[in-house]
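The structure under discussion appears below in the form of structure tokens.
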Amino acid sequence: MEIYSTLTRSKEDFKTINDNRVNLFVCGPTVYDDAHIGHGRTYISFDTIKRYLEFKGYAVFYIQNVTDIDDKIINRSKESGIPSDVLARKFEKRYREDMAKLNVNGVNLFARATDHMPEILDQIQRLIDKGFAYETEDGVYFEIDTFEEFGKLSNRNVEELESHREIAETTKKNHQDFALWKKREGVDEPTWPSPWGDGRPGWHIEDTAITEFYFGEQYDVHGGGLDLIFPHHEAEITQMEAVSGKSPMVRYWLHTGFLNVNGEKMSKSLHNFITIRELLESYEPDTFRFFVLSTHYRSPIDFSKDSLHQSERSLDRIRKYYEQLDVEVGDEDFECDALVPHKEEFFASMDDDFNTPKAIAAIFGLINDTKNDLDGFSESDKIAIKAFMDDAAHILGVSFELQDVNAGSDDLLNLISEVRSELRANKQYDLSDKIRDNLQALGYEIND
RNA sequence: GGCAAGUUUACCGAGUGGCUAGGUGUGUGGCUGCAGACCAUAAUACGGGGGUUCAAGUCCCUCACUUGCCUCCA
């Protein structure tokens with residue numbers, strides 16, 4: 001299996017640190033507002049990656065941090081009058097509800113920044129002791145001049161950064177130095193005690209404190225959105241490798257591409273900001289999930305109604321095929337000659353840096369090859385195909401079951417359907433078509 | 001200004017130098033009383049210009065354009 005790492009900008013063989021164990025960390029949200037469809041894209045991607053690694057037999061431990069103390073939360077708290085901890089818990093809860101609806105359920109541990117203060121303080125102290133960090137009147141900062149490799153992930157060097165930056169009033173030695181600890185600024189903000197006075201942690205330190213605590217100094221995979229490469233992930237590498245003296249902190253850096261809306265960046269000022277909750281008022285979660293997986297996770301993806309509709313139709317075709325597999329999958333494994341090449345392509349595609357669009361194409365290859373011959377297939381052949389389809393559905397995290405819009409009203413519908421059949425037999429098409437039109441308007445599908 | 005990712009047919013979207021990607025939509029035919037669904041079939045393609053090669057969407061150079069990051073951001 002090959003995985004693309006941002007650090008080397010190339011695909012690499014996937015080799016874990018400990019046999020079949022994968023320690024996976026993905027940057028979670030800052031919980032100050034509802035999650036949007038861009039979050040959805042990223043977390044669906046990593047959920048699918050986790051599902052596939054587990055399918056391959058790895059024991060994956062997936063941690064996501066939750067930034068529950070931060071400027072945005074404090075600002076929102078001041079605006080709304082809701083205490084910052086209450087606010088953060090509220091949006092964390094809503095985030096997790098949204099993810100559950102998208103069938104994103106692979107995270108083993110949500111680690112809140114505020115639950116890891118001892119680890120954060122300890123890591124900052126060690127950075128100071130080792131001479132990588134220093135205290136000023138308003139905080140504790142990492143001194144980037146002490147770490148030569150700063151910039152290796154984002155491919156930047158310090159000189160370039162300095163030349164295009166406005167120099168603000170600061171107590172820092174170098175304006176690239178980033179905060180590990182921010183001392184209290186006002187009376188109405190949440191603080192924690194520290195050797196450097198009451199305050200709160202900087203943004204980057206929570207992640208490395210958390211990963212060091214659970215995974216140790218080095219681990220397998222770190223993921224997040226493309227926008228986190230600089231400065232966030234760069235800072236993480238810097239802190240952790242400085243404190244441990246070991247490199248690399250992470251073997252594979254995975255970054256998801258951005259989700260744009262109608263070709264533009266999603267932002268509140270452009271009024272094209274769509275939350276997951278809003279989306280799910282109009283669309284089935286699987287439709288969005290299938291839409292996301294129809295593009296490779298590293299590519300930018302453009303959200304539009306039209307594209308979502310295309311995904312809906314595509315998924316529907318898979319479901320109609322799946323419904324024809326009228327067999328029960330048991331414990332016994334079967335082989336089917338017609339399945340083999342498509343199954344192989346599916347897994348080869350997933351092995352190639354989680355190429356889900358290609359894997360989906362393999363499913364359609366199977367469908368096109370076999371859809372007209374299924375009646376002639378033996379039961380064991382059909383079981384083999386269905387077992388594969390079940391695996392694929394599980395890996396992609398979408399259901400291949402035809403969504404039963406008629407559920408719960410079978411008797412009534414059967415009655416209506418019978419009446420309509422009689423009308424048609426008597427060539428009373430005016431009435432039968434009226435029934436059909438009305439049923440379709442209600443969302444029912446009619447197959448004569 | 002620096003860094004990064006892109007530009008594939010009507011749309012979405014894969015593509016490891018030679019072999020039909022796939023989906024959606026559209027056309028045509030079939031099935032239908034008609035429409036849909038379903039089945040069959042068809043068409044349209046690699047941003048521009050150079051180069052390497054027997055062979056380039058794929059490698060190299062160059063130009064143009066798009067987007068993102070460089071400030072909180074999935």
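Quick note on naming: the chains in the structure tokens go A, B, ... in the order shown, residues restart at 1 in each chain, and ligands are numbered from 1 in order of appearance.
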Please report, as a Markdown table, each residue of chain A lying at most 8 Å from chain B, together with the nearest pair of atoms and the separation in Å rounded to one decimal; use only C-alpha atoms (C1' of nucleotides), and order rows by chain and ascending residue number.
```
| residue | atom | partner | partner_atom | distance |
| --- | --- | --- | --- | --- |
| A:Gly28 | CA | B:A74 | C1' | 7.9 |
| A:Pro29 | CA | B:A74 | C1' | 7.4 |
| A:Gly38 | CA | B:A74 | C1' | 5.9 |
| A:His39 | CA | B:A74 | C1' | 4.6 |
| A:Gly40 | CA | B:A74 | C1' | 7.9 |
| A:Arg41 | CA | B:A74 | C1' | 7.7 |
| A:Thr42 | CA | B:A74 | C1' | 5.5 |
| A:Tyr43 | CA | B:A74 | C1' | 7.7 |
| A:Lys72 | CA | B:C72 | C1' | 7.6 |
| A:Ser154 | CA | B:C3 | C1' | 7.5 |
| A:Asn155 | CA | B:C3 | C1' | 6.6 |
| A:Arg156 | CA | B:C3 | C1' | 6.5 |
| A:Glu160 | CA | B:G2 | C1' | 6.5 |
| A:Leu161 | CA | B:C70 | C1' | 7.1 |
| A:His164 | CA | B:G1 | C1' | 7.6 |
| A:Gly224 | CA | B:A74 | C1' | 6.3 |
| A:Gly225 | CA | B:A74 | C1' | 4.4 |
| A:Leu226 | CA | B:A74 | C1' | 7.6 |
| A:Asp227 | CA | B:C69 | C1' | 6.5 |
| A:Leu228 | CA | B:C73 | C1' | 7.9 |
| A:Phe230 | CA | B:C69 | C1' | 7.3 |
| A:Thr256 | CA | B:A74 | C1' | 7.8 |
| A:Phe258 | CA | B:A74 | C1' | 7.8 |
| A:Ser294 | CA | B:G13 | C1' | 7.3 |
| A:Thr295 | CA | B:G13 | C1' | 6.7 |
| A:Ser299 | CA | B:A5 | C1' | 8.0 |
| A:Ser307 | CA | B:C12 | C1' | 6.1 |
| A:Gln310 | CA | B:U24 | C1' | 4.9 |
| A:Ser311 | CA | B:U24 | C1' | 7.7 |
| A:Arg313 | CA | B:U24 | C1' | 7.3 |
| A:Ser314 | CA | B:G23 | C1' | 6.1 |
| A:Pro357 | CA | B:A14 | C1' | 6.5 |
| A:Lys358 | CA | B:A14 | C1' | 5.6 |
| A:Ile360 | CA | B:G22 | C1' | 7.5 |
| A:Ala361 | CA | B:G22 | C1' | 4.3 |
| A:Ala362 | CA | B:G22 | C1' | 7.6 |
| A:Phe364 | CA | B:G22 | C1' | 6.7 |
| A:Gly365 | CA | B:G22 | C1' | 7.6 |
| A:Lys427 | CA | B:G33 | C1' | 7.4 |
| A:Tyr429 | CA | B:G33 | C1' | 7.5 |
| A:Ile446 | CA | B:A37 | C1' | 7.6 |
| A:Asn447 | CA | B:A37 | C1' | 6.0 |
```
Selection: 10 Å around B:C46, only C-alpha atoms (C1' of nucleotides), excl. self and same-chain fewer than 3 positions, as a list in words =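 Counting only C-alpha atoms (C1' of nucleotides), the residues come to U7, U8, U9 and G57 of chain B.
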Mind writing the picked residues with N, CA and C atoms (P, O5', C5', C4', C3', O3' and C1' of nucleotides) as an mmCIF file, in the first residue's frame?
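The resulting file, out-v2.cif, is shown below:
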```
data_model
loop_
_atom_site.group_PDB
_atom_site.id
_atom_site.type_symbol
_atom_site.label_atom_id
_atom_site.label_comp_id
_atom_site.auth_asym_id
_atom_site.auth_seq_id
_atom_site.Cartn_x
_atom_site.Cartn_y
_atom_site.Cartn_z
ATOM 1 P P U B 7 -5.723 19.112 -13.507
ATOM 2 O "O5'" U B 7 -6.250 20.391 -14.302
ATOM 3 C "C5'" U B 7 -7.656 20.747 -14.283
ATOM 4 C "C4'" U B 7 -7.832 21.929 -15.233
ATOM 5 C "C3'" U B 7 -7.671 21.543 -16.700
ATOM 6 O "O3'" U B 7 -8.841 21.872 -17.456
ATOM 7 C "C1'" U B 7 -6.235 23.381 -16.099
ATOM 8 P P U B 8 -10.108 20.960 -17.281
ATOM 9 O "O5'" U B 8 -9.677 19.641 -18.049
ATOM 10 C "C5'" U B 8 -9.290 19.700 -19.411
ATOM 11 C "C4'" U B 8 -9.368 18.340 -20.027
ATOM 12 C "C3'" U B 8 -10.729 17.676 -19.962
ATOM 13 O "O3'" U B 8 -11.561 18.111 -21.024
ATOM 14 C "C1'" U B 8 -9.090 16.122 -19.280
ATOM 15 P P U B 9 -12.880 18.887 -20.723
ATOM 16 O "O5'" U B 9 -13.899 18.306 -21.811
ATOM 17 C "C5'" U B 9 -14.042 18.929 -23.105
ATOM 18 C "C4'" U B 9 -14.833 17.997 -24.004
ATOM 19 C "C3'" U B 9 -16.296 17.839 -23.600
ATOM 20 O "O3'" U B 9 -17.135 18.089 -24.728
ATOM 21 C "C1'" U B 9 -15.229 15.720 -23.739
ATOM 22 P P G B 57 -1.040 12.735 -26.217
ATOM 23 O "O5'" G B 57 -1.837 13.309 -24.964
ATOM 24 C "C5'" G B 57 -1.781 14.703 -24.673
ATOM 25 C "C4'" G B 57 -2.065 14.933 -23.216
ATOM 26 C "C3'" G B 57 -0.940 14.502 -22.273
ATOM 27 O "O3'" G B 57 -0.052 15.569 -22.069
ATOM 28 C "C1'" G B 57 -3.006 13.609 -21.534
#
```
Selection: 9 Å around stretch 374-382 of chain A, only C-alpha atoms (C1' of nucleotides), excl. self and same-chain fewer than 2 positions, as a ChimeraX atom specification = /A:324-327,329,333-339,370-372,384-387
request  = Report the residues of stretch 22-170 of chain A whose backbone DSSP state falls under helix (DSSP H, G or I), written as a PyMOL selection string.
outcome  = chain A and resi 37-55+71-80+84-101+113-129+144-146+158-163
Can those selected residues be exported to a file as a CSV table (one decimal), in the first residue's frame so that it contains C-alpha atoms?
```csv
chain,number,residue,atom,x,y,z
A,37,ILE,CA,-19.5,21.0,4.8
A,38,GLY,CA,-15.7,21.6,4.5
A,39,HIS,CA,-15.3,19.9,7.9
A,40,GLY,CA,-17.5,17.2,6.6
A,41,ARG,CA,-15.3,16.6,3.6
A,42,THR,CA,-12.2,16.3,5.7
A,43,TYR,CA,-13.6,14.1,8.4
A,44,ILE,CA,-15.4,11.8,5.9
A,45,SER,CA,-12.1,11.4,4.1
A,46,PHE,CA,-10.2,10.4,7.3
A,47,ASP,CA,-13.1,8.2,8.4
A,48,THR,CA,-12.9,6.3,5.1
A,49,ILE,CA,-9.1,6.0,5.5
A,50,LYS,CA,-9.5,4.6,8.9
A,51,ARG,CA,-12.1,2.2,7.7
A,52,TYR,CA,-9.8,0.9,5.0
A,53,LEU,CA,-6.8,0.5,7.2
A,54,GLU,CA,-9.0,-1.5,9.6
A,55,PHE,CA,-10.2,-3.6,6.7
A,71,ASP,CA,-9.6,33.3,20.8
A,72,LYS,CA,-12.6,32.5,18.7
A,73,ILE,CA,-14.3,30.8,21.5
A,74,ILE,CA,-13.6,33.6,23.9
A,75,ASN,CA,-14.9,36.2,21.4
A,76,ARG,CA,-18.0,34.2,20.8
A,77,SER,CA,-18.5,33.8,24.5
A,78,LYS,CA,-18.2,37.6,25.0
A,79,GLU,CA,-20.7,38.3,22.2
A,80,SER,CA,-23.3,35.8,23.4
A,84,SER,CA,-16.8,29.8,27.1
A,85,ASP,CA,-16.8,26.3,28.6
A,86,VAL,CA,-20.5,26.0,28.1
A,87,LEU,CA,-20.3,27.3,24.6
A,88,ALA,CA,-17.5,24.9,23.7
A,89,ARG,CA,-19.4,21.9,25.1
A,90,LYS,CA,-22.5,22.8,23.2
A,91,PHE,CA,-20.7,23.0,19.8
A,92,GLU,CA,-18.7,19.9,20.6
A,93,LYS,CA,-21.9,18.0,21.1
A,94,ARG,CA,-23.4,19.4,18.0
A,95,TYR,CA,-20.3,18.5,16.0
A,96,ARG,CA,-20.4,15.0,17.2
A,97,GLU,CA,-24.0,14.7,16.3
A,98,ASP,CA,-23.3,16.0,12.8
A,99,MET,CA,-20.5,13.5,12.3
A,100,ALA,CA,-22.7,10.6,13.5
A,101,LYS,CA,-25.2,11.5,10.9
A,113,ALA,CA,-7.3,20.7,25.1
A,114,THR,CA,-8.6,21.7,28.5
A,115,ASP,CA,-8.5,18.1,29.7
A,116,HIS,CA,-4.8,17.9,29.0
A,117,MET,CA,-3.4,20.9,30.9
A,118,PRO,CA,-0.8,18.9,32.9
A,119,GLU,CA,0.7,17.5,29.7
A,120,ILE,CA,0.7,20.9,28.0
A,121,LEU,CA,2.4,22.6,30.9
A,122,ASP,CA,4.9,19.8,31.1
A,123,GLN,CA,5.8,20.0,27.5
A,124,ILE,CA,6.3,23.7,27.6
A,125,GLN,CA,8.5,23.4,30.7
A,126,ARG,CA,10.7,20.9,28.9
A,127,LEU,CA,11.0,23.2,25.9
A,128,ILE,CA,12.1,26.0,28.2
A,129,ASP,CA,14.6,23.7,30.1
A,144,ILE,CA,12.4,29.2,16.0
A,145,ASP,CA,16.0,30.2,15.4
A,146,THR,CA,16.9,27.3,17.7
A,158,VAL,CA,12.3,32.0,7.8
A,159,GLU,CA,14.0,34.8,5.8
A,160,GLU,CA,11.3,34.7,3.1
A,161,LEU,CA,8.6,34.9,5.7
A,162,GLU,CA,10.1,37.8,7.4
A,163,SER,CA,10.5,40.0,4.4
```
ask   = Where does DSSP see strand (DSSP E or B) in stretch 169-236 of chain A, if you list the residues as an MDAnalysis selection string?
value = chainID A and resid 178:183 192 199:201 219:225
Put those residues in a file: C-alpha atoms, as a compact mmCIF listing (two decimals), in the first residue's frame.
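This is the output file result02.txt:
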```
# COMPACT_ATOMS: atom_id res chain seq x y z
CA PHE A 178 4.95 31.27 18.11
CA ALA A 179 3.12 31.21 21.42
CA LEU A 180 3.21 28.19 23.67
CA TRP A 181 1.47 29.98 26.54
CA LYS A 182 -0.52 33.19 26.53
CA LYS A 183 -0.70 35.10 29.77
CA TRP A 192 -5.36 28.07 34.08
CA GLY A 199 -3.16 32.07 31.19
CA ARG A 200 -4.02 29.63 28.43
CA PRO A 201 -2.14 27.46 25.98
CA TYR A 219 3.70 7.95 15.50
CA ASP A 220 2.36 6.90 12.15
CA VAL A 221 -0.13 9.26 10.58
CA HIS A 222 -1.18 12.84 11.15
CA GLY A 223 -3.97 14.35 9.12
CA GLY A 224 -5.85 17.56 8.66
CA GLY A 225 -6.98 20.12 6.14
```
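Using only C-alpha atoms, the nearest neighbour of A:Val243 within the list A:Phe291, A:Phe132, A:Phe346, A:Tyr322 is A:Phe132.
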inquiry  = For a test of reading the model, state the distance in Å between atom CA of A:Val104 and atom CA of A:Val398, rounded to one decimal.
reply    =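 Atom-to-atom, atom CA of A:Val104 and atom CA of A:Val398 are spaced 10.3 Å apart.
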